[in-house]
file start-v4.cif (mmCIF, C-alpha atoms and all ligand atoms)
data_model
#
loop_
_atom_site.label_atom_id
_atom_site.label_comp_id
_atom_site.auth_asym_id
_atom_site.auth_seq_id
_atom_site.Cartn_x
_atom_site.Cartn_y
_atom_site.Cartn_z
CA MET H 1 20.20 0.32 9.03
CA SER H 2 21.50 2.18 5.98
CA TYR H 3 19.75 1.43 2.73
CA GLU H 4 21.05 0.71 -0.75
CA HIS H 5 17.84 0.31 -2.77
CA ILE H 6 15.40 2.70 -1.13
CA LEU H 7 15.24 6.34 -0.03
CA VAL H 8 13.61 7.10 3.30
CA ASP H 9 12.45 10.52 4.46
CA ARG H 10 9.70 12.52 6.17
CA PRO H 11 8.25 14.84 3.52
CA ALA H 12 5.79 16.40 6.00
CA ASP H 13 5.06 16.37 9.70
CA GLY H 14 3.87 12.91 10.75
CA VAL H 15 4.43 11.36 7.32
CA GLY H 16 7.07 8.71 6.63
CA ARG H 17 8.00 8.01 3.02
CA VAL H 18 9.79 5.05 1.45
CA ARG H 19 10.85 5.47 -2.18
CA LEU H 20 12.03 2.51 -4.24
CA ASN H 21 15.33 3.47 -5.81
CA ARG H 22 16.70 1.04 -8.41
CA PRO H 23 16.23 3.34 -11.40
CA LYS H 24 18.33 1.28 -13.82
CA ALA H 25 16.07 -1.73 -13.24
CA LEU H 26 12.83 0.32 -13.15
CA ASN H 27 12.62 -0.52 -9.43
CA ALA H 28 12.39 -4.26 -10.05
CA LEU H 29 11.69 -5.79 -6.66
CA ASN H 30 14.60 -8.02 -5.66
CA SER H 31 14.95 -9.62 -2.23
CA PRO H 32 17.37 -7.06 -0.70
CA LEU H 33 15.08 -4.23 -1.80
CA MET H 34 12.01 -5.88 -0.29
CA ASP H 35 13.92 -6.54 2.95
CA GLU H 36 14.79 -2.85 3.10
CA VAL H 37 11.19 -1.79 2.37
CA ASN H 38 9.89 -4.02 5.15
CA ASP H 39 12.55 -2.81 7.58
CA ALA H 40 11.92 0.89 6.88
CA MET H 41 8.15 0.58 7.04
CA LEU H 42 8.24 -1.38 10.30
CA ALA H 43 10.49 1.35 11.75
CA PHE H 44 7.97 4.04 10.76
CA ASN H 45 5.15 1.87 12.10
CA SER H 46 6.68 1.84 15.57
CA ASP H 47 7.61 5.55 15.49
CA ALA H 48 5.09 7.53 17.57
CA GLY H 49 5.83 10.63 15.47
CA ILE H 50 4.50 9.00 12.28
CA GLY H 51 0.77 8.82 11.52
CA ALA H 52 0.83 7.41 7.99
CA MET H 53 3.32 6.18 5.40
CA ILE H 54 3.82 6.67 1.70
CA LEU H 55 5.34 4.05 -0.59
CA SER H 56 6.47 5.31 -3.98
CA GLY H 57 8.93 4.75 -6.78
CA SER H 58 10.15 7.24 -9.35
CA ASP H 59 8.02 9.27 -11.75
CA LYS H 60 8.95 6.76 -14.51
CA ALA H 61 8.37 3.55 -12.59
CA PHE H 62 6.66 2.68 -9.36
CA ALA H 63 8.01 -0.84 -9.91
CA ALA H 64 8.24 -3.03 -13.02
CA GLY H 65 7.61 -6.20 -11.03
CA ALA H 66 9.53 -8.84 -9.18
CA ASP H 67 13.13 -9.03 -10.37
CA ILE H 68 13.04 -11.42 -13.33
CA LYS H 69 16.82 -11.71 -13.38
CA GLU H 70 16.80 -12.83 -9.74
CA MET H 71 13.95 -15.30 -10.34
CA ASP H 72 15.49 -16.68 -13.56
CA GLY H 73 17.96 -18.90 -11.73
CA LYS H 74 15.53 -20.02 -9.05
CA THR H 75 14.08 -23.51 -8.84
CA GLN H 76 10.75 -24.51 -7.37
CA ILE H 77 12.53 -25.66 -4.22
CA ASP H 78 14.49 -22.38 -3.98
CA MET H 79 11.18 -20.51 -4.03
CA LEU H 80 9.61 -22.93 -1.55
CA MET H 81 12.45 -22.56 0.93
CA THR H 82 12.52 -18.74 1.00
CA VAL H 83 9.96 -16.26 2.30
CA SER H 84 7.00 -16.42 -0.07
CA LEU H 85 6.36 -13.46 -2.35
CA VAL H 86 2.92 -13.05 -0.80
CA ASP H 87 4.49 -12.65 2.64
CA ARG H 88 7.35 -10.51 1.39
CA PHE H 89 4.94 -8.09 -0.32
CA ASP H 90 2.39 -8.12 2.50
CA PHE H 91 1.96 -5.09 4.72
CA LYS H 92 -0.61 -6.73 7.00
CA LYS H 93 1.69 -6.40 9.99
CA LEU H 94 1.61 -2.59 9.64
CA THR H 95 -1.02 -1.01 11.87
CA LYS H 96 -0.62 2.48 10.36
CA PRO H 97 -2.11 3.33 6.97
CA VAL H 98 0.11 3.11 3.90
CA ILE H 99 -0.60 5.15 0.77
CA ALA H 100 0.98 4.07 -2.50
CA ALA H 101 1.99 7.02 -4.70
CA VAL H 102 2.18 5.39 -8.13
CA SER H 103 3.63 6.87 -11.29
CA GLY H 104 4.70 5.10 -14.48
CA TYR H 105 4.93 1.31 -14.50
CA ALA H 106 3.18 -0.64 -11.74
CA LEU H 107 3.50 -4.10 -13.24
CA GLY H 108 3.44 -7.60 -11.78
CA GLY H 109 4.79 -7.40 -8.24
CA GLY H 110 4.73 -3.59 -8.65
CA CYS H 111 0.97 -3.65 -9.06
CA GLU H 112 0.68 -6.19 -6.25
CA ILE H 113 2.72 -4.16 -3.78
CA ALA H 114 0.52 -1.12 -4.54
CA LEU H 115 -2.58 -3.26 -3.96
CA ALA H 116 -1.15 -4.36 -0.61
CA CYS H 117 -1.21 -0.70 0.49
CA ASP H 118 -4.34 0.87 1.98
CA MET H 119 -4.90 3.58 -0.65
CA ILE H 120 -3.42 4.40 -4.05
CA VAL H 121 -2.82 7.83 -5.54
CA ALA H 122 -1.80 7.60 -9.19
CA SER H 123 -0.15 10.07 -11.54
CA GLU H 124 -1.75 10.44 -14.97
CA THR H 125 1.13 8.39 -16.40
CA ALA H 126 0.55 5.36 -14.20
CA VAL H 127 0.10 2.00 -15.92
CA PHE H 128 -1.16 -1.00 -13.96
CA GLY H 129 -0.81 -4.57 -15.17
CA GLN H 130 0.01 -8.17 -14.38
CA PRO H 131 2.16 -9.37 -17.30
CA GLU H 132 3.37 -12.58 -15.60
CA ILE H 133 1.51 -14.63 -18.20
CA ASN H 134 4.17 -13.53 -20.74
CA LEU H 135 6.82 -15.19 -18.55
CA GLY H 136 4.98 -18.49 -18.28
CA ILE H 137 4.01 -17.85 -14.67
CA ILE H 138 1.12 -16.29 -12.77
CA PRO H 139 1.02 -13.45 -10.22
CA GLY H 140 2.63 -14.67 -7.03
CA ALA H 141 2.31 -11.77 -4.61
CA GLY H 142 -1.44 -11.48 -4.20
CA GLY H 143 -2.55 -10.30 -7.66
CA THR H 144 -5.08 -13.03 -8.37
CA GLN H 145 -6.79 -12.24 -5.05
CA ARG H 146 -6.42 -8.51 -4.40
CA LEU H 147 -6.80 -7.34 -8.00
CA THR H 148 -9.86 -9.57 -8.46
CA ARG H 149 -11.45 -8.15 -5.32
CA ALA H 150 -10.64 -4.62 -6.54
CA VAL H 151 -11.86 -4.76 -10.15
CA GLY H 152 -14.09 -7.84 -10.32
CA LYS H 153 -13.65 -11.21 -11.97
CA ALA H 154 -14.16 -10.40 -15.65
CA LEU H 155 -11.63 -7.58 -15.84
CA ALA H 156 -9.19 -9.40 -13.56
CA MET H 157 -9.29 -12.36 -15.96
CA GLU H 158 -8.55 -10.10 -18.92
CA ILE H 159 -5.69 -8.35 -17.11
CA MET H 160 -4.02 -11.54 -15.90
CA LEU H 161 -4.76 -13.82 -18.87
CA THR H 162 -4.12 -11.39 -21.73
CA ASP H 163 -1.76 -8.77 -20.21
CA ARG H 164 -4.37 -6.03 -20.58
CA LYS H 165 -2.89 -2.89 -19.02
CA LEU H 166 -4.96 -0.28 -17.18
CA SER H 167 -4.30 3.43 -17.57
CA ALA H 168 -4.59 5.66 -14.52
CA GLU H 169 -8.03 6.85 -15.63
CA GLU H 170 -9.22 3.25 -16.11
CA ALA H 171 -7.80 2.31 -12.72
CA LEU H 172 -9.82 5.14 -11.19
CA ARG H 173 -12.98 4.11 -13.05
CA TYR H 174 -12.65 0.49 -11.94
CA GLY H 175 -12.00 1.35 -8.29
CA LEU H 176 -8.35 0.33 -8.13
CA VAL H 177 -7.09 3.78 -7.09
CA ASN H 178 -8.38 6.62 -4.92
CA ARG H 179 -7.20 9.58 -6.98
CA VAL H 180 -5.48 10.46 -10.24
CA ALA H 181 -3.42 13.66 -10.35
CA PRO H 182 -1.03 15.31 -12.81
CA LEU H 183 2.57 14.09 -12.67
CA ASP H 184 3.78 17.15 -10.79
CA GLU H 185 0.99 16.88 -8.21
CA TYR H 186 0.41 13.22 -7.39
CA MET H 187 3.00 13.10 -4.61
CA ASP H 188 1.56 16.20 -2.95
CA VAL H 189 -1.90 14.61 -3.09
CA ALA H 190 -0.54 11.46 -1.43
CA ILE H 191 1.23 13.52 1.24
CA SER H 192 -1.91 15.54 1.89
CA ILE H 193 -3.99 12.36 2.39
CA ALA H 194 -1.29 10.97 4.70
CA GLN H 195 -1.40 14.21 6.73
CA LYS H 196 -5.19 14.03 6.98
CA VAL H 197 -4.85 10.53 8.40
CA GLY H 198 -2.06 11.62 10.75
CA ARG H 199 -4.10 14.48 12.20
CA ARG H 200 -6.85 12.12 13.44
CA SER H 201 -6.93 10.09 16.65
CA GLN H 202 -4.40 7.35 16.02
CA VAL H 203 -6.41 5.02 18.24
CA ALA H 204 -9.47 5.43 16.00
CA ILE H 205 -7.40 5.23 12.80
CA ARG H 206 -5.87 1.97 13.92
CA LEU H 207 -9.20 0.44 14.89
CA ALA H 208 -10.86 1.57 11.65
CA LYS H 209 -8.07 0.25 9.41
CA ASP H 210 -8.08 -3.05 11.26
CA ALA H 211 -11.85 -3.46 10.86
CA ILE H 212 -11.86 -2.46 7.15
CA ASP H 213 -9.12 -5.02 6.45
CA LYS H 214 -11.32 -7.69 8.01
CA ALA H 215 -13.97 -7.05 5.34
CA TYR H 216 -11.70 -9.09 3.04
CA GLU H 217 -11.24 -11.96 5.44
CA MET H 218 -14.62 -12.59 7.08
CA THR H 219 -18.27 -13.28 6.39
CA LEU H 220 -20.58 -10.27 6.85
CA ALA H 221 -21.79 -11.56 10.23
CA GLU H 222 -18.22 -12.12 11.46
CA GLY H 223 -17.14 -8.75 10.11
CA LEU H 224 -20.02 -6.92 11.81
CA ALA H 225 -19.15 -8.61 15.11
CA TYR H 226 -15.51 -7.63 14.61
CA GLU H 227 -16.49 -4.03 13.85
CA ARG H 228 -18.62 -3.94 17.03
CA ARG H 229 -15.64 -5.16 19.05
CA ASN H 230 -13.42 -2.38 17.67
CA PHE H 231 -16.24 0.16 18.13
CA LEU H 232 -16.44 -0.82 21.82
CA VAL H 233 -12.66 -0.58 22.13
CA ALA H 234 -12.87 2.98 20.74
CA PHE H 235 -15.41 3.82 23.46
CA GLY H 236 -12.76 3.07 26.08
CA SER H 237 -10.32 5.65 24.68
CA GLU H 238 -9.51 9.13 25.97
CA ASP H 239 -9.79 10.26 22.35
CA LYS H 240 -13.47 9.21 22.27
CA ALA H 241 -14.19 11.38 25.32
CA GLU H 242 -12.20 14.28 23.85
CA GLY H 243 -13.68 13.97 20.35
CA MET H 244 -17.26 14.09 21.57
CA ARG H 245 -16.57 16.85 24.11
CA ALA H 246 -14.82 18.95 21.45
CA PHE H 247 -17.80 18.57 19.10
CA ILE H 248 -20.25 19.69 21.78
CA GLU H 249 -18.01 22.59 22.84
CA LYS H 250 -17.56 23.60 19.17
CA ARG H 251 -13.77 23.43 19.26
CA ARG H 252 -11.05 21.38 17.57
CA ALA H 253 -10.26 18.08 19.30
CA GLU H 254 -6.83 17.69 20.92
CA TRP H 255 -5.97 14.05 20.44
CA THR H 256 -3.69 12.30 22.92
CA ASN H 257 -3.77 9.01 21.00
CA ARG H 258 -4.72 7.21 24.21
N1 LIG T 1 13.01 -7.54 -13.48
C1 LIG T 1 14.30 -7.29 -13.74
N2 LIG T 1 14.71 -6.30 -14.53
C2 LIG T 1 13.78 -5.52 -15.10
C3 LIG T 1 12.42 -5.71 -14.87
C4 LIG T 1 12.03 -6.77 -14.02
N3 LIG T 1 10.75 -7.02 -13.69
N4 LIG T 1 11.71 -4.79 -15.58
C5 LIG T 1 12.63 -4.03 -16.21
N5 LIG T 1 13.89 -4.46 -15.92
C6 LIG T 1 15.16 -3.95 -16.40
C7 LIG T 1 15.41 -4.35 -17.84
O1 LIG T 1 15.95 -5.65 -17.88
C8 LIG T 1 16.38 -3.28 -18.28
O2 LIG T 1 17.66 -3.59 -17.76
P1 LIG T 1 18.95 -3.59 -18.73
O3 LIG T 1 19.07 -2.16 -19.17
O4 LIG T 1 20.06 -4.04 -17.85
O5 LIG T 1 18.62 -4.49 -19.86
C9 LIG T 1 15.89 -2.04 -17.53
O6 LIG T 1 15.09 -2.52 -16.45
C10 LIG T 1 15.00 -1.17 -18.38
O7 LIG T 1 13.98 -1.96 -18.93
P2 LIG T 1 13.58 -1.94 -20.49
O8 LIG T 1 14.80 -1.69 -21.33
O9 LIG T 1 12.80 -3.17 -20.76
O10 LIG T 1 12.65 -0.64 -20.52
P3 LIG T 1 11.45 -0.33 -21.51
O11 LIG T 1 11.08 1.08 -21.22
O12 LIG T 1 11.76 -0.72 -22.89
O13 LIG T 1 10.25 -1.29 -21.02
C11 LIG T 1 8.84 -2.35 -19.38
C12 LIG T 1 9.68 -1.12 -19.74
C13 LIG T 1 7.62 -2.44 -20.30
C14 LIG T 1 8.38 -2.17 -17.93
C15 LIG T 1 9.69 -3.63 -19.51
O14 LIG T 1 10.92 -3.44 -18.81
C16 LIG T 1 9.04 -4.86 -18.97
O15 LIG T 1 8.19 -5.46 -19.60
N6 LIG T 1 9.48 -5.32 -17.76
C17 LIG T 1 9.02 -6.55 -17.17
C18 LIG T 1 7.61 -6.41 -16.59
C19 LIG T 1 7.15 -7.73 -16.00
O16 LIG T 1 7.07 -8.74 -16.66
N7 LIG T 1 6.82 -7.72 -14.68
C20 LIG T 1 6.39 -8.92 -13.99
C21 LIG T 1 7.56 -9.59 -13.30
S1 LIG T 1 7.16 -11.15 -12.60
C22 LIG T 1 6.39 -10.77 -11.13
O17 LIG T 1 6.25 -9.63 -10.76
C23 LIG T 1 5.92 -11.96 -10.33
C24 LIG T 1 5.08 -11.62 -9.17
O18 LIG T 1 3.88 -11.73 -9.19
C25 LIG T 1 5.67 -11.15 -7.91
#
call {"tool": "encode", "arguments": {"input": "start-v4.cif", "output": "structure tokens"}}
result
Amino acid sequence: MSYEHILVDRPADGVGRVRLNRPKALNALNSPLMDEVNDAMLAFNSDAGIGAMILSGSDKAFAAGADIKEMDGKTQIDMLMTVSLVDRFDFKKLTKPVIAAVSGYALGGGCEIALACDMIVASETAVFGQPEINLGIIPGAGGTQRLTRAVGKALAMEIMLTDRKLSAEEALRYGLVNRVAPLDEYMDVAISIAQKVGRRSQVAIRLAKDAIDKAYEMTLAEGLAYERRNFLVAFGSEDKAEGMRAFIEKRRAEWTNR
């Protein structure tokens, strides 16, 4: 598939990158763009040469939200009869880790798509917010749930009810992002984290990501049982045998991802 609204490349060994590329609309997330993002990321997910993915925009805008011009003409029934925004912006089906590299505006759906990723690296210029309230709507791609889990109820209320924006430093302080880096370094930081993930046993990475995600879905008792299941699965892998042998023999593990 050739893409119109995104750029796809491999900036380093084992790393697949998808860059939103609608600069004139500050990467507003319209349906064709989201279809392309999902297509490209699923392709990387099933590519054995890729260990982790990066989702980014431009230095000026990660994404300024769902496309207001596309939504303007839509009725309630139009929205009901198409793929929901939550599903369209959801990367749950991806088994490999996704790192959002965020610079500039990450607003509305832009903030939500970053929150749907597994980690976020922000440039110092990043601005996070959910300004839907100004449009007479509410976040519709996971913001009320994921942002609230990330920053807590009080701040989430302020962000979504009053359009309070968070700077990159605030986002770091409140636990929304993993790292903040200067504008000319944030992408390298994201790539370096993706490479660190890619160098590990992909069996263990997959099991760990899957279990961490369940922390948002289950009670503690259910989550602990789920973790134990994945832990036992890891014990059946060749990588478990190799990882422990390599430690004892004081050498670097050679993962086979089996
Ligand atoms: N949808 C469609 N177009 C958008 C857009 C969006 N979300 N955000 C920006 N654009 C377009 C503008 O219309 C403008 O296009 P034209 O030149 O054709 O007029 C272009 O991008 C540049 O934007 P501005 O001139 O507004 O740039 P600015 O630097 O003055 O302001 C901004 C930047 C503060 C991000 C401002 O564009 C803005 O407020 N954008 C809307 C942010 C927003 O409300 N996002 C939430 C959308 S709803 C949503 O996301 C629902 C959900 O939960 C999924």
call {"tool": "residues_near_ligand", "arguments": {"input": "start-v4.cif", "ligand": "ligand LIG 1 (chain T)", "cutoff": "7 Å", "atoms": "all atoms listed in the file", "output": "MDAnalysis selection string"}}
result
chainID H and resid 24:26 28 64:69 85 105 107:110 130:132 134:135 138:141 143
call {"tool": "write_last_selection", "arguments": {"input": "start-v4.cif", "atoms": "C-alpha atoms", "output": "mmCIF file, keeping the file's coordinate frame"}}
result
data_model
loop_
_atom_site.group_PDB
_atom_site.id
_atom_site.type_symbol
_atom_site.label_atom_id
_atom_site.label_comp_id
_atom_site.auth_asym_id
_atom_site.auth_seq_id
_atom_site.Cartn_x
_atom_site.Cartn_y
_atom_site.Cartn_z
ATOM 1 C CA LYS H 24 18.330 1.280 -13.820
ATOM 2 C CA ALA H 25 16.070 -1.730 -13.240
ATOM 3 C CA LEU H 26 12.830 0.320 -13.150
ATOM 4 C CA ALA H 28 12.390 -4.260 -10.050
ATOM 5 C CA ALA H 64 8.240 -3.030 -13.020
ATOM 6 C CA GLY H 65 7.610 -6.200 -11.030
ATOM 7 C CA ALA H 66 9.530 -8.840 -9.180
ATOM 8 C CA ASP H 67 13.130 -9.030 -10.370
ATOM 9 C CA ILE H 68 13.040 -11.420 -13.330
ATOM 10 C CA LYS H 69 16.820 -11.710 -13.380
ATOM 11 C CA LEU H 85 6.360 -13.460 -2.350
ATOM 12 C CA TYR H 105 4.930 1.310 -14.500
ATOM 13 C CA LEU H 107 3.500 -4.100 -13.240
ATOM 14 C CA GLY H 108 3.440 -7.600 -11.780
ATOM 15 C CA GLY H 109 4.790 -7.400 -8.240
ATOM 16 C CA GLY H 110 4.730 -3.590 -8.650
ATOM 17 C CA GLN H 130 0.010 -8.170 -14.380
ATOM 18 C CA PRO H 131 2.160 -9.370 -17.300
ATOM 19 C CA GLU H 132 3.370 -12.580 -15.600
ATOM 20 C CA ASN H 134 4.170 -13.530 -20.740
ATOM 21 C CA LEU H 135 6.820 -15.190 -18.550
ATOM 22 C CA ILE H 138 1.120 -16.290 -12.770
ATOM 23 C CA PRO H 139 1.020 -13.450 -10.220
ATOM 24 C CA GLY H 140 2.630 -14.670 -7.030
ATOM 25 C CA ALA H 141 2.310 -11.770 -4.610
ATOM 26 C CA GLY H 143 -2.550 -10.300 -7.660
#
call {"tool": "closest_residue", "arguments": {"input": "start-v4.cif", "among": "H:Asn257, H:Ser56, H:Ser103, H:Asn30", "to": "H:Ala181", "atoms": "only C-alpha atoms"}}
result
H:Ser103
call {"tool": "closest_residue", "arguments": {"input": "start-v4.cif", "among": "H:Glu124, H:Glu169, H:Glu242, H:Asp213", "to": "H:Asp184", "atoms": "only C-alpha atoms"}}
result
H:Glu124
call {"tool": "residues_around", "arguments": {"input": "start-v4.cif", "residues": "H:Ala204", "least_positions_apart": "2", "cutoff": "12 Å", "atoms": "all atoms listed in the file", "output": "PyMOL selection string"}}
result
chain H and resi 51+95-97+197-202+206-211+227+230-240+243+255-258
call {"tool": "residues_around", "arguments": {"input": "start-v4.cif", "residues": "H:Pro23", "least_positions_apart": "3", "cutoff": "8 Å", "atoms": "all atoms listed in the file", "output": "list of chain:residue names"}}
result
H:Leu26, H:Asn27, H:Ser58, H:Ala61
call {"tool": "closest_residue", "arguments": {"input": "start-v4.cif", "among": "H:Asp188, H:Glu217, H:Glu249, H:Glu222", "to": "H:Pro11", "atoms": "only C-alpha atoms"}}
result
H:Asp188
call {"tool": "atom_distance", "arguments": {"input": "start-v4.cif", "atom1": "atom CA of H:Ala156", "atom2": "atom CA of H:Val121"}}
result
20.0 Å
call {"tool": "residues_around", "arguments": {"input": "start-v4.cif", "residues": "H:His5", "least_positions_apart": "3", "cutoff": "6 Å", "atoms": "only C-alpha atoms", "output": "list of chain:residue names"}}
result
H:Asn21, H:Arg22, H:Leu33
call {"tool": "residues_near_point", "arguments": {"input": "start-v4.cif", "point": "(-5.2, -2.2, -7.4)", "cutoff": "9 Å", "atoms": "all atoms listed in the file", "output": "PyMOL selection string"}}
result
chain H and resi 111-117+119-120+128+143+146-151+171+175-177
call {"tool": "atom_distance", "arguments": {"input": "start-v4.cif", "atom1": "atom CA of H:Lys165", "atom2": "atom CA of H:Gly104"}}
result
11.9 Å
